[in-house]
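Q: Have a look at the structure that comes next, please.
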Amino acid sequence: MINLLKHTYLLDLSAIKGDIERLWKRYQKIIGDKKSSWEDLNEARATLYFLGHLYPEHLALESLERRIKFVKPKITLDKFFLIIDKNDVKNLKKYSKNEKFNKLKEFYLIVKSIKNRVKNGVYLDEERFNNVYSKLEPKNYF
Amino acid sequence: MSNIITGKATVIKSNKDYYKIKKETILIADHTHPDIVIVMDKIKCIITELDNKLCHAAIVSREYKKPLLMGVQNATKKFKTGDKIMVDFKNKLIKKIK
């Protein structure tokens, strides 16, 4: 998670992608392994919260908010999201050779790929996580 | 896009609630889930309690070109499924209508 944050500061896109996939694979391994301990399950819980909420909705968003100001011609973050999500061909063409825009666009698509990820028909495989987690939860846990 | 949308509300409490949507509706949720995509053609607009530009509802509403009003506190408690409501996007207001 620290690496992912570091690479987000650096906006190293391939490293960000790699870090996200490593976290996802580790999360999948923990919830799929019958030998996983209560401690492992809490690592998975932290990963789920980080990948599903903290990273996309706070850290990545703040990174985009800060960096969008450097794109010229000027563009608001709302418009940036709309251009990409609505596949606004006219505006995508306008920024097609803009290095900063394209880098932020790629970053946003990486973030969206984890934010929108579904496994076993459920967002971030949450149902499987909840089942395994509740089975291992100690009676005196508070 | 019109600033005012009226229609019947569907309050989402769990993933299963999306599958109950059969007619055009105004969707109200704390936050949305990926299952929403199966009924996007029936959704007139989305109202959420959560307010974040990168939350699921924000992404999906942009992708499907659906109006979205975020940050409506206690929306899932103030309204219930079947309520006829009016959503005023300009003034960020939701009212029950008769």
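Just remember, in the structure tokens the first chain shown is A, the second B, etc., residues are 1-based per chain, and ligands are 1-based in the order shown.
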With only C-alpha atoms as the counted atoms, please give the residues lying no more than 10 Å from B:Lys65, apart from itself and same-chain residues fewer than 4 positions off, as a compact mmCIF listing (two decimals) with N, CA, C and O atoms, in the first residue's frame.
A:
# COMPACT_ATOMS: atom_id res chain seq x y z
N LEU A 82 -16.11 13.65 -17.36
CA LEU A 82 -17.20 13.54 -18.33
C LEU A 82 -16.68 13.19 -19.73
O LEU A 82 -17.24 12.34 -20.41
N ASP A 85 -15.61 9.43 -19.48
CA ASP A 85 -16.69 8.46 -19.22
C ASP A 85 -17.77 8.48 -20.29
O ASP A 85 -18.41 7.46 -20.55
N LYS A 86 -18.00 9.65 -20.88
CA LYS A 86 -19.03 9.71 -21.94
C LYS A 86 -18.42 9.48 -23.32
O LYS A 86 -19.11 9.58 -24.32
N MET B 1 -30.21 18.61 -20.50
CA MET B 1 -30.86 17.90 -19.39
C MET B 1 -31.80 18.82 -18.64
O MET B 1 -31.46 19.97 -18.37
N MET B 40 -30.09 0.03 -15.73
CA MET B 40 -29.77 1.42 -16.09
C MET B 40 -30.77 2.01 -17.07
O MET B 40 -31.06 3.20 -17.03
N CYS B 45 -32.98 8.93 -12.92
CA CYS B 45 -31.86 9.64 -12.29
C CYS B 45 -31.49 8.90 -11.00
O CYS B 45 -32.23 8.03 -10.54
N ILE B 59 -19.29 7.38 -11.28
CA ILE B 59 -18.71 6.81 -12.49
C ILE B 59 -19.81 6.29 -13.42
O ILE B 59 -19.87 6.63 -14.60
N VAL B 60 -20.70 5.51 -12.84
CA VAL B 60 -21.73 4.86 -13.67
C VAL B 60 -22.71 5.89 -14.27
O VAL B 60 -23.16 5.74 -15.40
N SER B 61 -23.01 6.93 -13.52
CA SER B 61 -23.93 7.94 -14.05
C SER B 61 -23.29 8.71 -15.20
O SER B 61 -23.97 9.08 -16.16
Q: Using only C-alpha atoms, tabulate the residues of chain B lying at most 7 Å from any atom of chain A, each with its closest atom pair and that distance in Å to one decimal, by chain and increasing residue number, as CSV.
A:
residue,atom,partner,partner_atom,distance
B:Pro34,CA,A:Tyr123,CA,6.4
B:Asn52,CA,A:Glu57,CA,6.6
B:Leu54,CA,A:Glu57,CA,5.2
B:Cys55,CA,A:Glu57,CA,6.2
B:Arg62,CA,A:Asp85,CA,5.6
B:Glu63,CA,A:Asp85,CA,4.7
B:Lys65,CA,A:Lys86,CA,6.9
Q: For those residues, write N, CA and C atoms to a file as a tab-separated table (two decimals), in the first residue's frame.
A:
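Generated output (again-v8.tsv):
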chain	number	residue	atom	x	y	z
B	34	PRO	N	-22.39	-2.56	-8.42
B	34	PRO	CA	-22.29	-2.90	-9.85
B	34	PRO	C	-23.56	-3.49	-10.44
B	52	ASN	N	-18.99	11.66	-3.72
B	52	ASN	CA	-17.59	11.54	-4.11
B	52	ASN	C	-17.51	11.37	-5.63
B	54	LEU	N	-15.44	9.97	-7.42
B	54	LEU	CA	-14.97	8.67	-7.89
B	54	LEU	C	-15.72	7.51	-7.25
B	55	CYS	N	-16.86	7.79	-6.65
B	55	CYS	CA	-17.65	6.67	-6.12
B	55	CYS	C	-18.33	5.97	-7.29
B	62	ARG	N	-21.98	8.93	-15.11
B	62	ARG	CA	-21.30	9.59	-16.24
B	62	ARG	C	-21.28	8.66	-17.45
B	63	GLU	N	-20.97	7.41	-17.21
B	63	GLU	CA	-20.87	6.46	-18.32
B	63	GLU	C	-22.21	6.26	-19.03
B	65	LYS	N	-24.75	8.40	-18.85
B	65	LYS	CA	-25.37	9.71	-19.09
B	65	LYS	C	-26.67	9.87	-18.30
Q: With distances taken over only C-alpha atoms, which of A:Ser63, A:Ile16, A:Leu23, A:Ser113 is nearest to A:Ala44?
A: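 Using only C-alpha atoms, the shortest distance to A:Ala44 belongs to A:Leu23.
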Q: Quick one: DSSP alpha helix (DSSP H) residues in chain B, as a PyMOL selection string?
A: chain B and resi 56-63+75-78
Q: Pick out the closest residue to B:Ile38 from this set: B:Thr25, B:Tyr19, B:Asp51, B:Val72. Count only C-alpha atoms.
A: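 Nearest to B:Ile38: B:Tyr19.
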